[in-house]
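As provided, target.pdb (PDB, C-alpha atoms, pLDDT in the B column) reads as follows.
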ATOM      1  CA  MET A  21      98.410 105.574  63.813  1.00 54.00           C
ATOM      2  CA  ASN A  22      97.597 109.215  64.514  1.00 73.00           C
ATOM      3  CA  GLN A  23      94.299 109.768  62.734  1.00 94.00           C
ATOM      4  CA  ARG A  24      94.118 113.525  63.217  1.00 98.00           C
ATOM      5  CA  ILE A  25      95.061 115.681  60.228  1.00 98.00           C
ATOM      6  CA  PHE A  26      95.216 119.452  60.333  1.00 98.00           C
ATOM      7  CA  ILE A  27      95.090 121.299  57.019  1.00 98.00           C
ATOM      8  CA  THR A  28      97.085 124.513  57.085  1.00 98.00           C
ATOM      9  CA  GLY A  29      98.299 126.784  54.318  1.00 97.00           C
ATOM     10  CA  THR A  30     101.261 128.947  53.481  1.00 96.00           C
ATOM     11  CA  GLY A  31      98.771 131.812  53.394  1.00 89.00           C
ATOM     12  CA  THR A  32      95.169 132.705  52.651  1.00 88.00           C
ATOM     13  CA  GLY A  33      93.487 131.561  49.452  1.00 89.00           C
ATOM     14  CA  VAL A  34      95.932 128.785  48.565  1.00 94.00           C
ATOM     15  CA  GLY A  35      93.295 126.037  48.335  1.00 95.00           C
ATOM     16  CA  LYS A  36      92.963 124.608  51.839  1.00 97.00           C
ATOM     17  CA  THR A  37      89.242 123.892  51.616  1.00 97.00           C
ATOM     18  CA  ILE A  38      89.385 122.045  48.295  1.00 98.00           C
ATOM     19  CA  THR A  39      92.387 120.111  49.581  1.00 98.00           C
ATOM     20  CA  ALA A  40      90.475 119.282  52.761  1.00 98.00           C
ATOM     21  CA  ALA A  41      87.560 117.983  50.683  1.00 98.00           C
ATOM     22  CA  CYS A  42      89.866 115.805  48.566  1.00 98.00           C
ATOM     23  CA  ILE A  43      91.658 114.384  51.601  1.00 98.00           C
ATOM     24  CA  THR A  44      88.394 113.805  53.465  1.00 98.00           C
ATOM     25  CA  GLU A  45      87.078 111.899  50.452  1.00 98.00           C
ATOM     26  CA  ALA A  46      90.350 109.980  49.983  1.00 98.00           C
ATOM     27  CA  LEU A  47      90.378 108.742  53.582  1.00 98.00           C
ATOM     28  CA  THR A  48      86.603 108.540  54.137  1.00 98.00           C
ATOM     29  CA  ALA A  49      87.351 110.833  57.043  1.00 98.00           C
ATOM     30  CA  ASP A  50      85.227 113.218  59.077  1.00 98.00           C
ATOM     31  CA  TYR A  51      85.713 116.954  58.543  1.00 98.00           C
ATOM     32  CA  TRP A  52      85.682 119.855  60.978  1.00 98.00           C
ATOM     33  CA  LYS A  53      86.534 123.545  60.807  1.00 98.00           C
ATOM     34  CA  PRO A  54      86.547 124.706  64.442  1.00 98.00           C
ATOM     35  CA  VAL A  55      86.269 128.425  63.666  1.00 97.00           C
ATOM     36  CA  GLN A  56      84.594 129.920  60.601  1.00 97.00           C
ATOM     37  CA  THR A  57      84.930 133.614  59.867  1.00 96.00           C
ATOM     38  CA  GLY A  58      83.480 135.621  56.983  1.00 95.00           C
ATOM     39  CA  LEU A  59      80.009 134.105  57.007  1.00 92.00           C
ATOM     40  CA  LEU A  60      78.761 136.322  54.190  1.00 85.00           C
ATOM     41  CA  GLU A  61      81.028 134.364  51.846  1.00 83.00           C
ATOM     42  CA  GLY A  62      79.503 131.039  52.935  1.00 89.00           C
ATOM     43  CA  THR A  63      81.123 128.383  55.092  1.00 96.00           C
ATOM     44  CA  ASP A  64      83.901 125.962  54.290  1.00 97.00           C
ATOM     45  CA  THR A  65      81.891 123.228  55.999  1.00 98.00           C
ATOM     46  CA  ASP A  66      79.068 123.687  53.504  1.00 97.00           C
ATOM     47  CA  THR A  67      81.571 123.652  50.638  1.00 97.00           C
ATOM     48  CA  VAL A  68      83.235 120.435  51.763  1.00 98.00           C
ATOM     49  CA  SER A  69      79.904 118.764  52.483  1.00 98.00           C
ATOM     50  CA  SER A  70      78.664 119.589  48.973  1.00 98.00           C
ATOM     51  CA  LEU A  71      81.763 118.056  47.367  1.00 98.00           C
ATOM     52  CA  LEU A  72      81.871 114.668  49.117  1.00 98.00           C
ATOM     53  CA  SER A  73      80.566 111.565  47.375  1.00 97.00           C
ATOM     54  CA  ASN A  74      80.952 108.939  50.089  1.00 97.00           C
ATOM     55  CA  LYS A  75      78.146 108.311  52.569  1.00 96.00           C
ATOM     56  CA  VAL A  76      80.393 107.768  55.596  1.00 98.00           C
ATOM     57  CA  SER A  77      82.073 111.128  56.166  1.00 98.00           C
ATOM     58  CA  VAL A  78      80.442 113.540  58.602  1.00 98.00           C
ATOM     59  CA  CYS A  79      80.999 117.292  58.427  1.00 98.00           C
ATOM     60  CA  HIS A  80      80.730 118.518  62.005  1.00 98.00           C
ATOM     61  CA  PRO A  81      79.356 121.957  62.959  1.00 98.00           C
ATOM     62  CA  GLU A  82      81.770 124.750  63.716  1.00 98.00           C
ATOM     63  CA  ALA A  83      82.422 125.714  67.317  1.00 97.00           C
ATOM     64  CA  TRP A  84      82.351 129.410  66.338  1.00 97.00           C
ATOM     65  CA  ARG A  85      80.696 131.086  63.346  1.00 97.00           C
ATOM     66  CA  LEU A  86      81.797 134.718  63.070  1.00 96.00           C
ATOM     67  CA  GLU A  87      80.668 137.375  60.631  1.00 95.00           C
ATOM     68  CA  ALA A  88      83.814 139.370  59.896  1.00 95.00           C
ATOM     69  CA  PRO A  89      86.161 138.120  57.142  1.00 94.00           C
ATOM     70  CA  ALA A  90      89.167 138.399  59.452  1.00 95.00           C
ATOM     71  CA  SER A  91      91.453 136.291  61.598  1.00 96.00           C
ATOM     72  CA  PRO A  92      89.573 134.360  64.293  1.00 97.00           C
ATOM     73  CA  HIS A  93      90.829 136.507  67.164  1.00 97.00           C
ATOM     74  CA  LEU A  94      89.782 139.738  65.464  1.00 97.00           C
ATOM     75  CA  ALA A  95      86.426 138.431  64.248  1.00 97.00           C
ATOM     76  CA  ALA A  96      85.684 137.238  67.788  1.00 97.00           C
ATOM     77  CA  ARG A  97      86.802 140.563  69.269  1.00 97.00           C
ATOM     78  CA  LEU A  98      84.383 142.393  66.983  1.00 96.00           C
ATOM     79  CA  GLU A  99      81.532 140.247  68.329  1.00 96.00           C
ATOM     80  CA  ASN A 100      82.653 140.614  71.960  1.00 96.00           C
ATOM     81  CA  CYS A 101      83.390 136.938  72.405  1.00 96.00           C
ATOM     82  CA  THR A 102      86.484 134.853  73.040  1.00 94.00           C
ATOM     83  CA  ILE A 103      87.439 131.635  71.284  1.00 97.00           C
ATOM     84  CA  ASP A 104      88.148 129.060  73.975  1.00 97.00           C
ATOM     85  CA  GLU A 105      90.895 126.579  73.113  1.00 97.00           C
ATOM     86  CA  ALA A 106      89.645 124.127  75.744  1.00 97.00           C
ATOM     87  CA  ARG A 107      86.256 124.019  74.043  1.00 98.00           C
ATOM     88  CA  ILE A 108      87.899 123.190  70.708  1.00 98.00           C
ATOM     89  CA  LEU A 109      89.892 120.356  72.297  1.00 98.00           C
ATOM     90  CA  GLN A 110      86.757 119.013  73.995  1.00 98.00           C
ATOM     91  CA  LEU A 111      84.790 119.013  70.752  1.00 98.00           C
ATOM     92  CA  ALA A 112      87.670 117.404  68.852  1.00 98.00           C
ATOM     93  CA  ASP A 113      87.566 114.479  71.266  1.00 97.00           C
ATOM     94  CA  GLN A 114      83.795 114.321  70.912  1.00 97.00           C
ATOM     95  CA  TYR A 115      83.812 114.440  67.099  1.00 97.00           C
ATOM     96  CA  GLN A 116      86.793 112.130  66.539  1.00 97.00           C
ATOM     97  CA  PRO A 117      85.410 109.170  64.554  1.00 96.00           C
ATOM     98  CA  ALA A 118      86.282 105.688  65.774  1.00 94.00           C
ATOM     99  CA  GLY A 119      88.815 103.987  63.538  1.00 94.00           C
ATOM    100  CA  ARG A 120      88.794 106.678  60.848  1.00 96.00           C
ATOM    101  CA  ALA A 121      90.734 109.814  60.067  1.00 98.00           C
ATOM    102  CA  PHE A 122      89.621 113.241  61.279  1.00 98.00           C
ATOM    103  CA  VAL A 123      90.420 116.176  58.983  1.00 98.00           C
ATOM    104  CA  MET A 124      90.480 119.610  60.594  1.00 98.00           C
ATOM    105  CA  GLU A 125      90.936 122.869  58.707  1.00 98.00           C
ATOM    106  CA  GLY A 126      92.420 126.054  60.079  1.00 96.00           C
ATOM    107  CA  ALA A 127      92.175 129.668  58.984  1.00 92.00           C
ATOM    108  CA  GLY A 128      95.110 130.878  56.898  1.00 88.00           C
ATOM    109  CA  GLY A 129      98.546 129.810  58.093  1.00 95.00           C
ATOM    110  CA  LEU A 130     100.295 128.655  61.229  1.00 97.00           C
ATOM    111  CA  MET A 131     100.733 132.035  62.874  1.00 97.00           C
ATOM    112  CA  VAL A 132      97.135 133.166  62.530  1.00 97.00           C
ATOM    113  CA  PRO A 133      95.913 134.001  66.049  1.00 97.00           C
ATOM    114  CA  VAL A 134      92.995 131.928  67.307  1.00 97.00           C
ATOM    115  CA  ASN A 135      92.530 134.173  70.326  1.00 97.00           C
ATOM    116  CA  GLU A 136      94.645 136.724  72.207  1.00 95.00           C
ATOM    117  CA  GLU A 137      97.123 134.073  73.398  1.00 96.00           C
ATOM    118  CA  VAL A 138      96.872 131.002  71.139  1.00 97.00           C
ATOM    119  CA  PHE A 139      98.072 130.782  67.551  1.00 98.00           C
ATOM    120  CA  THR A 140      97.008 128.128  65.058  1.00 98.00           C
ATOM    121  CA  LEU A 141     100.343 126.366  65.543  1.00 98.00           C
ATOM    122  CA  ASP A 142      99.675 126.091  69.295  1.00 98.00           C
ATOM    123  CA  LEU A 143      96.221 124.685  68.607  1.00 98.00           C
ATOM    124  CA  ILE A 144      97.610 122.030  66.251  1.00 98.00           C
ATOM    125  CA  ALA A 145     100.082 120.933  68.913  1.00 98.00           C
ATOM    126  CA  ALA A 146      97.351 120.781  71.563  1.00 98.00           C
ATOM    127  CA  LEU A 147      95.155 118.723  69.221  1.00 98.00           C
ATOM    128  CA  LYS A 148      98.060 116.307  68.679  1.00 97.00           C
ATOM    129  CA  ALA A 149      97.377 116.421  64.956  1.00 98.00           C
ATOM    130  CA  ARG A 150      99.671 115.903  61.986  1.00 98.00           C
ATOM    131  CA  VAL A 151      99.901 118.643  59.407  1.00 98.00           C
ATOM    132  CA  VAL A 152      99.224 118.770  55.698  1.00 98.00           C
ATOM    133  CA  ILE A 153     100.641 121.989  54.230  1.00 98.00           C
ATOM    134  CA  VAL A 154      98.813 123.448  51.242  1.00 98.00           C
ATOM    135  CA  ALA A 155     100.833 125.685  48.924  1.00 97.00           C
ATOM    136  CA  GLN A 156     100.623 127.321  45.519  1.00 95.00           C
ATOM    137  CA  ASN A 157     103.241 128.837  43.252  1.00 92.00           C
ATOM    138  CA  TYR A 158     103.300 132.643  43.198  1.00 92.00           C
ATOM    139  CA  LEU A 159     105.923 135.340  43.605  1.00 91.00           C
ATOM    140  CA  GLY A 160     107.106 134.965  47.196  1.00 93.00           C
ATOM    141  CA  SER A 161     105.750 131.456  47.669  1.00 95.00           C
ATOM    142  CA  ILE A 162     109.149 129.895  48.362  1.00 97.00           C
ATOM    143  CA  ASN A 163     109.632 132.256  51.287  1.00 97.00           C
ATOM    144  CA  HIS A 164     106.171 131.493  52.661  1.00 97.00           C
ATOM    145  CA  CYS A 165     106.690 127.746  52.219  1.00 98.00           C
ATOM    146  CA  MET A 166     110.068 127.679  53.910  1.00 98.00           C
ATOM    147  CA  LEU A 167     108.967 129.903  56.784  1.00 98.00           C
ATOM    148  CA  THR A 168     106.079 127.511  57.372  1.00 98.00           C
ATOM    149  CA  ALA A 169     108.395 124.503  57.221  1.00 98.00           C
ATOM    150  CA  ARG A 170     110.974 126.049  59.555  1.00 98.00           C
ATOM    151  CA  VAL A 171     108.376 126.861  62.199  1.00 97.00           C
ATOM    152  CA  LEU A 172     107.094 123.286  62.099  1.00 98.00           C
ATOM    153  CA  GLN A 173     110.626 121.884  62.247  1.00 97.00           C
ATOM    154  CA  HIS A 174     111.579 124.012  65.243  1.00 96.00           C
ATOM    155  CA  THR A 175     108.425 123.178  67.188  1.00 96.00           C
ATOM    156  CA  GLY A 176     108.442 119.474  66.378  1.00 96.00           C
ATOM    157  CA  VAL A 177     104.841 119.377  65.168  1.00 97.00           C
ATOM    158  CA  PRO A 178     104.608 116.305  62.899  1.00 97.00           C
ATOM    159  CA  VAL A 179     104.031 116.851  59.193  1.00 98.00           C
ATOM    160  CA  ILE A 180     102.557 114.390  56.678  1.00 98.00           C
ATOM    161  CA  GLY A 181     103.602 116.409  53.650  1.00 98.00           C
ATOM    162  CA  TRP A 182     102.782 119.012  51.020  1.00 98.00           C
ATOM    163  CA  VAL A 183      99.820 119.359  48.681  1.00 98.00           C
ATOM    164  CA  PHE A 184     100.520 121.822  45.890  1.00 98.00           C
ATOM    165  CA  GLY A 185      97.848 123.591  43.895  1.00 95.00           C
ATOM    166  CA  GLY A 186      97.783 124.738  40.319  1.00 89.00           C
ATOM    167  CA  ASP A 187     100.154 123.973  37.480  1.00 87.00           C
ATOM    168  CA  TYR A 188     103.467 122.283  38.120  1.00 90.00           C
ATOM    169  CA  HIS A 189     106.453 124.529  38.818  1.00 91.00           C
ATOM    170  CA  THR A 190     110.007 123.478  39.692  1.00 93.00           C
ATOM    171  CA  ASN A 191     109.711 125.553  42.876  1.00 94.00           C
ATOM    172  CA  GLU A 192     107.739 122.744  44.480  1.00 96.00           C
ATOM    173  CA  ASP A 193     110.625 120.300  43.971  1.00 96.00           C
ATOM    174  CA  ASP A 194     112.946 122.775  45.672  1.00 97.00           C
ATOM    175  CA  VAL A 195     110.524 123.250  48.575  1.00 98.00           C
ATOM    176  CA  VAL A 196     110.256 119.480  49.065  1.00 98.00           C
ATOM    177  CA  LYS A 197     114.056 119.109  49.002  1.00 98.00           C
ATOM    178  CA  TRP A 198     114.800 122.019  51.319  1.00 98.00           C
ATOM    179  CA  SER A 199     112.027 121.258  53.799  1.00 98.00           C
ATOM    180  CA  GLY A 200     112.555 117.513  53.956  1.00 98.00           C
ATOM    181  CA  TYR A 201     108.787 117.013  53.888  1.00 98.00           C
ATOM    182  CA  PRO A 202     107.410 114.778  51.114  1.00 98.00           C
ATOM    183  CA  LYS A 203     104.980 115.777  48.403  1.00 98.00           C
ATOM    184  CA  ILE A 204     101.594 114.106  48.779  1.00 98.00           C
ATOM    185  CA  GLY A 205     100.380 115.370  45.426  1.00 97.00           C
ATOM    186  CA  ARG A 206      99.052 118.290  43.443  1.00 97.00           C
ATOM    187  CA  ILE A 207      95.506 119.454  42.869  1.00 97.00           C
ATOM    188  CA  PRO A 208      95.269 121.208  39.487  1.00 95.00           C
ATOM    189  CA  LEU A 209      93.347 124.350  38.703  1.00 92.00           C
ATOM    190  CA  THR A 210      89.955 123.712  37.157  1.00 93.00           C
ATOM    191  CA  ASP A 211      87.007 125.756  35.961  1.00 92.00           C
ATOM    192  CA  THR A 212      84.609 123.388  37.697  1.00 95.00           C
ATOM    193  CA  VAL A 213      85.053 122.113  41.229  1.00 96.00           C
ATOM    194  CA  ASP A 214      82.403 119.474  41.780  1.00 98.00           C
ATOM    195  CA  LYS A 215      81.978 116.022  43.278  1.00 98.00           C
ATOM    196  CA  ALA A 216      83.494 114.329  40.228  1.00 98.00           C
ATOM    197  CA  PHE A 217      86.602 116.500  40.375  1.00 98.00           C
ATOM    198  CA  VAL A 218      87.061 115.925  44.117  1.00 98.00           C
ATOM    199  CA  GLN A 219      86.544 112.194  43.728  1.00 98.00           C
ATOM    200  CA  GLN A 220      89.137 112.070  40.938  1.00 98.00           C
ATOM    201  CA  GLN A 221      91.703 113.997  42.984  1.00 98.00           C
ATOM    202  CA  ALA A 222      90.924 111.905  46.056  1.00 98.00           C
ATOM    203  CA  GLN A 223      91.795 108.746  44.156  1.00 98.00           C
ATOM    204  CA  LEU A 224      95.157 110.236  43.185  1.00 98.00           C
ATOM    205  CA  LEU A 225      95.920 111.325  46.757  1.00 98.00           C
ATOM    206  CA  SER A 226      94.714 108.138  48.432  1.00 98.00           C
ATOM    207  CA  SER A 227      97.777 105.926  47.988  1.00 98.00           C
ATOM    208  CA  PRO A 228     100.430 108.469  49.028  1.00 98.00           C
ATOM    209  CA  LEU A 229      98.285 109.562  51.990  1.00 97.00           C
ATOM    210  CA  HIS A 230      97.867 106.036  53.281  1.00 96.00           C
ATOM    211  CA  THR A 231     101.575 105.349  52.811  1.00 97.00           C
ATOM    212  CA  LEU A 232     102.714 108.521  54.579  1.00 97.00           C
ATOM    213  CA  MET A 233     100.228 108.104  57.427  1.00 95.00           C
ATOM    214  CA  ALA A 234     101.120 104.476  58.114  1.00 92.00           C
TER     215      ALA A 234
END

Mind turning this structure into structure tokens?
Amino acid sequence: MNQRIFITGTGTGVGKTITAACITEALTADYWKPVQTGLLEGTDTDTVSSLLSNKVSVCHPEAWRLEAPASPHLAARLENCTIDEARILQLADQYQPAGRAFVMEGAGGLMVPVNEEVFTLDLIAALKARVVIVAQNYLGSINHCMLTARVLQHTGVPVIGWVFGGDYHTNEDDVVKWSGYPKIGRIPLTDTVDKAFVQQQAQLLSSPLHTLMA
């Protein structure tokens, strides 16, 4: 079984990090965000680490921590450095836990550039990971969802399924039908995101995740 999971989104701010925390907890996986931008807003690694209840998961340090709240390639350009795909692949092999899942989180969506030549989609393929797509309902979300699905279909990158955020909307049923990718579950909006909330959502996601990953 392929134990590598890459969390991507249909855009920015759709709930990737909370989803990553829930999936990491559900699978007692390790977590890694290779490139963190926008350091003034805090890091996703710190957020995920603060939300896990199990004592097994390890949150690994980022390969790059960049100040600007921008795409990885631009944030790196502003600091006169280059994000090296080979280094990410090397660290992924090093951090991969034995016999457990490895959850990796990207920045934004599939076509976010990692460096001047490599897009997130290319990195996922090189990592040989399977994708969890995080989506929310908003005006234009169907287009973003289906563009994401079509790119994955045409490139052959394997997909585990969708995690939807927020309140239920019939759009998600249409997206599941049209994409052919199953729904793993939905993480509702809440005023308080804490360990108890993540643990509760992890329990709901656990069974479908294990079934779809088998």

Practice task
Name the residues that the PyMOL selection byres ((chain A and resi 91-94) around 10) pulls out of this structure, and write them as a PyMOL selection string.
Solution key: chain A and resi 55-58+84-86+88-90+95-103+126-128+132-140

Write a file of the selected residues as a short mmCIF file (atom, residue, chain, number, x, y, z; two decimals), in the coordinates of the input, keeping C-alpha atoms.
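Just written: selection-v2.cif:
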data_model
loop_
_atom_site.label_atom_id
_atom_site.label_comp_id
_atom_site.auth_asym_id
_atom_site.auth_seq_id
_atom_site.Cartn_x
_atom_site.Cartn_y
_atom_site.Cartn_z
CA VAL A 55 86.27 128.43 63.67
CA GLN A 56 84.59 129.92 60.60
CA THR A 57 84.93 133.61 59.87
CA GLY A 58 83.48 135.62 56.98
CA TRP A 84 82.35 129.41 66.34
CA ARG A 85 80.70 131.09 63.35
CA LEU A 86 81.80 134.72 63.07
CA ALA A 88 83.81 139.37 59.90
CA PRO A 89 86.16 138.12 57.14
CA ALA A 90 89.17 138.40 59.45
CA ALA A 95 86.43 138.43 64.25
CA ALA A 96 85.68 137.24 67.79
CA ARG A 97 86.80 140.56 69.27
CA LEU A 98 84.38 142.39 66.98
CA GLU A 99 81.53 140.25 68.33
CA ASN A 100 82.65 140.61 71.96
CA CYS A 101 83.39 136.94 72.40
CA THR A 102 86.48 134.85 73.04
CA ILE A 103 87.44 131.64 71.28
CA GLY A 126 92.42 126.05 60.08
CA ALA A 127 92.18 129.67 58.98
CA GLY A 128 95.11 130.88 56.90
CA VAL A 132 97.14 133.17 62.53
CA PRO A 133 95.91 134.00 66.05
CA VAL A 134 93.00 131.93 67.31
CA ASN A 135 92.53 134.17 70.33
CA GLU A 136 94.64 136.72 72.21
CA GLU A 137 97.12 134.07 73.40
CA VAL A 138 96.87 131.00 71.14
CA PHE A 139 98.07 130.78 67.55
CA THR A 140 97.01 128.13 65.06
#

Exercise for the section: Tell me which protein, DNA and RNA residues are within 12 Å of A:Gly176, counting all atoms listed in the file, leaving out same-chain ones fewer than 4 positions away, and put them as an MDAnalysis selection string. Expected result: chainID A and resid 141:142 144:145 148:151 169:172

Problem - atom CA of A:Gly35 to atom CA of A:Asn191, straight-line distance in Å - result: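 According to the coordinates, atom CA of A:Asn191 and atom CA of A:Gly35 are separated by 17.3 Å.
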
Practice task
Starting from the displayed file, determine the output of the PyMOL selection byres ((chain A and resi 213-227) around 7) and express the residue list as number ranges by chain.
Solution key: A: 41-43, 45-47, 71-73, 204-205, 207, 210-212, 228-231

Problem - Atom pair atom CA of A:Thr65 / atom CA of A:Ala118: separation (Å) - result: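 Separation between atom CA of A:Thr65 and atom CA of A:Ala118: 20.6 Å.
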
Handout entry: Interatomic distance, atom CA of A:Arg120 to atom CA of A:Ile180 (Å, one decimal)
Key =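 If I compute the distance from atom CA of A:Arg120 to atom CA of A:Ile180, I get 16.3 Å.
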
Practice task
Taking the file above as input, evaluate the PyMOL selection byres ((chain A and resi 52) around 7) and report the hits as a list in words.
Solution key: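 Output from the PyMOL selection byres ((chain A and resi 52) around 7), applied to this file: Asp50, Tyr51, Lys53, Pro54, Cys79, His80, Pro81, Glu82, Val123, Met124 and Glu125 of chain A.
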
Just need the box for stretch 121-135 of chain A, edges along x, y and z, holding every atom the file lists for it with 6 Å tacked onto each side, so centre and edge lengths in Å to one decimal, as AutoDock Vina command-line options.
--center_x 95.2 --center_y 122.0 --center_z 63.6 --size_x 23.1 --size_y 36.4 --size_z 25.4

Skipping near chain neighbours, those fewer than 2 positions away, what residues fall within 7 Å of stretch 104-112 of chain A using all atoms listed in the file, listed as an mmCIF file with C-alpha atoms, keeping the file's coordinate frame?
data_model
loop_
_atom_site.group_PDB
_atom_site.id
_atom_site.type_symbol
_atom_site.label_atom_id
_atom_site.label_comp_id
_atom_site.auth_asym_id
_atom_site.auth_seq_id
_atom_site.Cartn_x
_atom_site.Cartn_y
_atom_site.Cartn_z
ATOM 1 C CA PRO A 54 86.547 124.706 64.442
ATOM 2 C CA ALA A 83 82.422 125.714 67.317
ATOM 3 C CA THR A 102 86.484 134.853 73.040
ATOM 4 C CA GLN A 114 83.795 114.321 70.912
ATOM 5 C CA TYR A 115 83.812 114.440 67.099
ATOM 6 C CA GLN A 116 86.793 112.130 66.539
ATOM 7 C CA LEU A 147 95.155 118.723 69.221
#

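Candidate residues A:Gly160, A:Gly129, A:Gly186, A:Gly62 were compared for distance to A:Thr32, and the nearest is A:Gly129, using all atoms listed in the file.
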
Practice task
Would you list the contacts of stretch 195-198 of chain A as a list of chain:residue names, taking every protein, DNA or RNA residue within 8 Å and counting only C-alpha atoms, but skipping same-chain residues closer than 2 positions in sequence?
Solution key: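 Selected residues are A:Ile162, A:Cys165, A:Met166, A:Trp182, A:Asn191, A:Glu192, A:Asp193, A:Gly200, A:Tyr201, A:Pro202, A:Lys203.
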
Practice task
Using only C-alpha atoms, find the one residue out of A:Pro117, A:Lys75, A:Lys36, A:Val152 that sits nearest to A:Leu232.
Solution key: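 The closest residue to A:Leu232 is A:Val152.
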
Practice task
Select, counting all atoms listed in the file, all protein, DNA and RNA residues no farther than 6 Å from (82.0, 110.7, 57.0) in file coordinates, and express the selection as a PyMOL selection string.
Solution key: chain A and resi 48-50+76-78

Practice task
May I have the protein, DNA and RNA residues with an atom at most 7 Å from (99.6, 125.8, 47.6), counting only C-alpha atoms in the file's coordinates, returned as an NGL selection string?
Solution key: :A and (29-30 or 34-35 or 154-157 or 183-185)
